[in-house]
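What follows is one structure encoded as structure tokens, with my remarks underneath.
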Amino acid sequence: VIPLPVAELVAALAAMPASAPAARIEGDERRLVQGLATLASAQAHELSFLANPKYRQQLATTAAGAVIVSDEVAVGLQDAPFTRIVTPQPYLYYAKAAQWFEARLNPLPAPRIHLLAAIDPEARVEAGADVGAFAVIDAGAVVEAGARIGAGAYVGRDCHVAAGSIVHPQATLHRKVRLGRNCIIHGGAVLGADGFGFAPDGQGGWEKIPQLGGVLIGDDVEIGATTAVDRGALDDTVIEDGAKLDNHIQIGHNVRIGAQTILAGCTAIAGSTVIGRRCTIGGASIIVGHIQIADEVVISAATVVMASITKPGRYTGAYPMDTHANWEKNAAVLRQLPELRRRLRALEQKK
Amino acid sequence: VIPLPVAELVAALAAMPASAPAARIEGDERRLVQGLATLASAQAHELSFLANPKYRQQLATTAAGAVIVSDEVAVGLQDAPFTRIVTPQPYLYYAKAAQWFEARLNPLPAPRIHLLAAIDPEARVEAGADVGAFAVIDAGAVVEAGARIGAGAYVGRDCHVAAGSIVHPQATLHRKVRLGRNCIIHGGAVLGADGFGFAPDGQGGWEKIPQLGGVLIGDDVEIGATTAVDRGALDDTVIEDGAKLDNHIQIGHNVRIGAQTILAGCTAIAGSTVIGRRCTIGGASIIVGHIQIADEVVISAATVVMASITKPGRYTGAYPMDTHANWEKNAAVLRQLPELRRRLRALEQKK
Amino acid sequence: VIPLPVAELVAALAAMPASAPAARIEGDERRLVQGLATLASAQAHELSFLANPKYRQQLATTAAGAVIVSDEVAVGLQDAPFTRIVTPQPYLYYAKAAQWFEARLNPLPAPRIHLLAAIDPEARVEAGADVGAFAVIDAGAVVEAGARIGAGAYVGRDCHVAAGSIVHPQATLHRKVRLGRNCIIHGGAVLGADGFGFAPDGQGGWEKIPQLGGVLIGDDVEIGATTAVDRGALDDTVIEDGAKLDNHIQIGHNVRIGAQTILAGCTAIAGSTVIGRRCTIGGASIIVGHIQIADEVVISAATVVMASITKPGRYTGAYPMDTHANWEKNAAVLRQLPELRRRLRALEQKK
């Protein structure tokens with residue numbers, strides 16, 4: 001029941017199937033909390049968190065009843081008016097607390113097949129699956145027990161949605177898209193549309209290359225709103241376990257995204273490129289086709305990657321902003337660098 | 001009735017609820033007009049406009065029956081074969097005229113609830129609202145009288161669509177999205193999908209942070225096709241009155257877009273960034289997270305904003321294009337600037 | 001019937017309506033094939049291809065039963081264990097073979113109007129058209145015989161979909177979108193949303209300019225998932241015959257895309273720009289509004305085009321990536337180029 005004392009919340013989080021990090025309580029452990037809020041907006045009955053010590057001064061003014069903090073930050077909070085939940089991983093602890101409250105404050109409704117869903121006689125929707133109004137499950141598709149297909153979503157021919165996965169309203173799974181367990185596909189995402197493949201016809205035009213592959217998505221993958229993952233040309237496009245894709249991402253055909261790699265919004269990965277595991281790809285990055293990115297590479301936002309990267313590390317390529325007036329002056333010189341270098345060399349040789 | 005004499009049109013525009021700018025007629029005020037067209041394609045029964053004096057020479061050849069012009073341009077048009085509507089704000093006058101014709105030539109059909117809409121028993125759709133075929137209004141959602149929900153659109157749990165707002169076909173409003181009055185949401189836009197929040201689990205993987213906030217949208221906001229506005233992590237993501245967002249825009253969680261700010265297509269605003277009022281953000285700009293942009297800032301197209309901007313003004317950061325051959329030569333030098341400066345300094349010190 | 005001997009496949013491709021390139025068989029022409037695969041994954045009963053001689057060494061290890069190769073590559077394959085289909089255009093031949101297999105392995109179901117489609121009494125859906133579940137065909141729209149409208153797709157007022165065109169599930173055609181023959185529109189694409197047009201109201205706000213034009217799309221055009229093509233302000237936005245648009249593309253109002261031009265993903269073309277014929281626009285390119293691009297121009301990926309291009313050729317403008325540490329050092333100098341040039345000039349003048 002909510003509100004509940006901090007001590008009960010901490011005990012409940014320790015008992016979750018994948019439990020929260022270790023934590024101890026400092027201060028009044030019987031204080032009641034009924035939800036989460038930021039330090040700036042939290043009220044006396046709310047739990048907050050401090051993940052980045054740089055914002056520590058917000059602790060002086062917060063009205064939160066309880067705050068998740070690190071061991072380092074907890075030192076010196078002995079007299080704080082709020083209860084402290086002290087843990088080595090406050091951000092992770094906050095994630096777990098948010099999951100706990102979400103499950104109770106916004107529980108998923110009991111699964112049911114809406115009367116106005118269109119399920120092909122050759123599709124298989126297992127008992128215990130949820131299918132929303134105006135959703136379509138096409139021939140040969142399988143929706144496992146415990147999977148949820150939102151209102152208006154489309155699950156195309158020969159797709160497979162495994163248990164625990166959620167396809168949100170208006171998402172589209174074209175032909176031969178297979179989702180693992182516990183995936184989340186947001187609205188407007190389009191998985192399995194044709195890869196972009198054309199052969200020049202020798203007369204200035206283009207002959208379509210049918211895309212015969214599928215999309216293979218592992219477990220625990222999240223795919224953001226309006227993100228597109230194209231079907232492979234012959235083999236599958238692959239997204240491995242635990243990868244997280246934000247909104248507006250483009251994944252070309254036959255790309256492979258490694259496990260636990262995270263891609264921020266508006267990134268584009270062109271066809272047949274292979275991204276390693278545990279990479280972090282900044283927003284609006286562009287990665288050309290047919291290259292390899294090693295494991296544990298970090299690409300800064302707005303970087304254009306034009307060649308393979310073989311070593312872990314951080315790579316950057318955004319052109320820096322300036323006032324428009326300065327930019328204009330600079331840009332006038334910017335394309336004359338070989339000329340500048342030539343003149344510099346000439347001076348050097350005169351010495 | 002259409003066609004109508006120019007004099008009647010001018011009188012009608014003056015009588016609109018938010019009236020058109022002041023205007024006078026020069027030339028034949030009884031000429032009949034039945035619609036709008038560009039100077040290049042207008043016929044004798046059509047009204048055109050000249051907003052940018054740089055295209056003034058098109059007046060010499062236009063076949064338009066009437067043209068909206070500025071006072072400055074009107075001078076010297078005494079003998080022109082077309083009627084002039086003379087106003088200090090010809091572009092704004094054209095907008096008003098287009099609104100007037102649009103309302104008459106493409107009137108909205110009378111509101112009705114389509115028999116094949118799925119309205120949850122716990123939703124409230126007021127009399128006088130319009131809901132299209134296969135639209136879904138989920139539990140706890142409110143659609144006010146005078147609002148319109150297009151075919152196949154999804155209005156999720158606890159959303160609110162105020163009077164006069166139009167949600168076009170196939171737009172998606174996830175949970176807790178509140179639209180003010182007279183908003184327009186285009187097809188494929190996704191409001192209220194989860195913000196992109198994950199905590200490192202300490203083992204290379206990512207723990208999802210449920211997004212508990214909503215999306216709060218003011219009055220008179222327009223949101224383009226396939227634009228995504230994510231739900232806040234704890235507080236709301238906010239778009240203030242009169243902001244205009246083009247297509248393919250990404251608005252991360254907890255962003256705030258100031259009133260009357262305008263964002264061109266394909267722009268990305270990362271999480272928790274605050275954009276001021278009356279800003280103009282050029283297309284395909286990238287603005288990183290957790291920064292502030294002052295009021296009345298202009299960002300040029302394709303600029304990457306990596307730090308807060310505290311003063312109004314125009315800022316630019318696009319790398320200039322060249323022929324590929326020149327670009328290659330330049331790029332070879334481009335990453336050696338510290339070395340060039342070092343050599344230059346060495347020469348200077350030899351003096 | 002499948003599998004079939006290579007000789008029969010070659011004969012069938014020669015007999016297609018738009019036939020495959022000339023080809024001859026070397027090796028066992030009775031070998032059976034039942035589908036296509038890459039050289040790396042093909043099995044004994046599969047056909048593969050080698051389009052790029054740079055990957056020639058894969059021929060040594062492939063298990064494919066037959067391979068499409070160029071005349072040049074065929075030399076020296078006399079003893080290869082696989083059958084060779086030798087043609088001057090192996091990539092085009094592969095496209096044709098893929099089309100042949102696709103038509104047989106994944107035949108389109110017989111056209112039917114789904115009982116749960118919403119067809120306005122004032123729309124016209126010809127016999128022989130296919131309309132999926134929860135699709136909407138609005139008043140005044142025409143769907144010709146042989147056209148296919150996918151599940152949940154929306155075809156708005158006064159749209160026209162000509163014979164042979166496929167509108168995939170969840171695609172959206174707003175008002176006045178006319179598709180020629182044999183077009184393919186992928187899921188989540190939005191055609192005919194309002195162009196982005198506002199007039200300053202003189203008080204810091206924006207007055208909407210209704211978009212009265214339409215979208216005119218030629219024959220054989222393909223439009224990718226979540227791509228948006230806006231309706232024109234007064235005239236139409238136009239995409240000419242045989243143009244191919246990838247995913248996540250933004251086409252502003254009144255743009256014209258020339259015939260057989262190909263645009264890779266995430267490209268943005270701002271309003272009123274005219275792109276020539278047979279251009280190749282690299283991914284994530286940004287082309288500003290109101291400019292002209294000549295025929296047969298090639299734009300590299302991630303290039304910002306800020307002015308008209310009058311000559312064919314290749315143009316590039318991506319800022320090169322580096323390690324983050326080097327990038328930081330370089331960026332510190334990058335905005336001081338006029339200063340560097342000034343100092344260089346000073347040194348030169350001292351001579």
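Order determines the names: the first chain of the structure tokens is A, the second B, and so forth; residues in each chain are numbered 1 upward, and ligands are numbered 1 upward as they are shown.
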Give me, as a count of residues only, the residues of chain B touching chain A, with the criterion being at most 7 Å (counting only C-alpha atoms). 33
- as a count of residues only, which residues of range 12-249 of chain B does DSSP assign to helix (DSSP H, G or I)? 31
**Request:** Find the residues around Glu8 in chain A up to 12 Å (only C-alpha atoms counted), leave out those fewer than 2 positions away in its own chain, and share them as a PyMOL selection string.
**Result:** chain A and resi 1-6+10-15+24-25+29-34+85+97
In Å and to one decimal, CA of Val67 in chain C is distant from CA of Gln211 in chain A by 18.3 Å
Problem set entry | Two-atom distance - CA of Arg175 in chain C, CA of Leu108 in chain B (Å) |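 Going from CA of Arg175 in chain C over to CA of Leu108 in chain B covers 12.3 Å.
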Separating CA of Asp28 in chain A from CA of Asp79 in chain A, to the nearest tenth of an Å, is a gap of 11.2 Å
- Could you give me the residues within range 84-298 of chain C that DSSP places in strand (DSSP E), as number ranges by chain? C: 84-86, 118-119, 124-125, 130-131, 136-137, 142-143, 148-149, 154-155, 160-161, 166-167, 172-173, 177-179, 184-185, 190-191, 198-200, 206-208, 215-217, 222-223, 228-229, 237-239, 244-245, 250-251, 256-257, 262-263, 268-269, 274-275, 280-281, 286-287, 292-293, 297-298
Would you pick out the contacts of Cys159 in chain C at 9 Å or less, using only C-alpha atoms, so that residues sharing its chain but fewer than 3 positions from it are not included, and give the list as a PyMOL selection string? chain C and resi 137-143+155-156+173-179
If you keep N, CA and C atoms, can you produce a file of those selected residues as a PDB file, in the first residue's frame?
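File written: out.pdb
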```
ATOM      1  N   ILE C 137     -10.474   5.108 -46.301  1.00  0.00           N
ATOM      2  CA  ILE C 137     -10.445   5.787 -47.598  1.00  0.00           C
ATOM      3  C   ILE C 137     -11.481   6.900 -47.503  1.00  0.00           C
ATOM      4  N   ASP C 138     -11.004   8.133 -47.523  1.00  0.00           N
ATOM      5  CA  ASP C 138     -11.881   9.261 -47.211  1.00  0.00           C
ATOM      6  C   ASP C 138     -12.603   9.787 -48.470  1.00  0.00           C
ATOM      7  N   ALA C 139     -13.498  10.720 -48.250  1.00  0.00           N
ATOM      8  CA  ALA C 139     -14.348  11.231 -49.321  1.00  0.00           C
ATOM      9  C   ALA C 139     -13.525  11.791 -50.479  1.00  0.00           C
ATOM     10  N   GLY C 140     -13.940  11.441 -51.687  1.00  0.00           N
ATOM     11  CA  GLY C 140     -13.288  12.000 -52.858  1.00  0.00           C
ATOM     12  C   GLY C 140     -12.029  11.260 -53.274  1.00  0.00           C
ATOM     13  N   ALA C 141     -11.581  10.312 -52.464  1.00  0.00           N
ATOM     14  CA  ALA C 141     -10.367   9.569 -52.803  1.00  0.00           C
ATOM     15  C   ALA C 141     -10.676   8.481 -53.834  1.00  0.00           C
ATOM     16  N   VAL C 142      -9.667   8.158 -54.640  1.00  0.00           N
ATOM     17  CA  VAL C 142      -9.792   7.101 -55.634  1.00  0.00           C
ATOM     18  C   VAL C 142      -8.666   6.096 -55.431  1.00  0.00           C
ATOM     19  N   VAL C 143      -9.029   4.832 -55.363  1.00  0.00           N
ATOM     20  CA  VAL C 143      -8.020   3.762 -55.318  1.00  0.00           C
ATOM     21  C   VAL C 143      -8.265   2.888 -56.533  1.00  0.00           C
ATOM     22  N   VAL C 155      -6.002   7.074 -46.335  1.00  0.00           N
ATOM     23  CA  VAL C 155      -5.988   7.740 -47.643  1.00  0.00           C
ATOM     24  C   VAL C 155      -7.015   8.867 -47.564  1.00  0.00           C
ATOM     25  N   GLY C 156      -6.523  10.095 -47.506  1.00  0.00           N
ATOM     26  CA  GLY C 156      -7.368  11.235 -47.189  1.00  0.00           C
ATOM     27  C   GLY C 156      -8.208  11.755 -48.341  1.00  0.00           C
ATOM     28  N   LEU C 173      -1.762   9.271 -46.024  1.00  0.00           N
ATOM     29  CA  LEU C 173      -1.857  10.222 -47.128  1.00  0.00           C
ATOM     30  C   LEU C 173      -2.921  11.244 -46.746  1.00  0.00           C
ATOM     31  N   HIS C 174      -2.484  12.438 -46.404  1.00  0.00           N
ATOM     32  CA  HIS C 174      -3.459  13.476 -46.111  1.00  0.00           C
ATOM     33  C   HIS C 174      -4.107  13.931 -47.418  1.00  0.00           C
ATOM     34  N   ARG C 175      -4.792  14.991 -47.355  1.00  0.00           N
ATOM     35  CA  ARG C 175      -5.557  15.552 -48.461  1.00  0.00           C
ATOM     36  C   ARG C 175      -4.720  15.791 -49.714  1.00  0.00           C
ATOM     37  N   LYS C 176      -5.325  15.499 -50.868  1.00  0.00           N
ATOM     38  CA  LYS C 176      -4.757  15.917 -52.153  1.00  0.00           C
ATOM     39  C   LYS C 176      -3.381  15.333 -52.450  1.00  0.00           C
ATOM     40  N   VAL C 177      -3.194  14.093 -52.119  1.00  0.00           N
ATOM     41  CA  VAL C 177      -1.955  13.399 -52.490  1.00  0.00           C
ATOM     42  C   VAL C 177      -2.274  12.481 -53.660  1.00  0.00           C
ATOM     43  N   ARG C 178      -1.561  12.634 -54.736  1.00  0.00           N
ATOM     44  CA  ARG C 178      -1.802  11.790 -55.910  1.00  0.00           C
ATOM     45  C   ARG C 178      -0.562  10.959 -56.206  1.00  0.00           C
ATOM     46  N   LEU C 179      -0.736   9.661 -56.165  1.00  0.00           N
ATOM     47  CA  LEU C 179       0.359   8.721 -56.441  1.00  0.00           C
ATOM     48  C   LEU C 179       0.189   8.173 -57.845  1.00  0.00           C
TER      49      LEU C 179
END
```
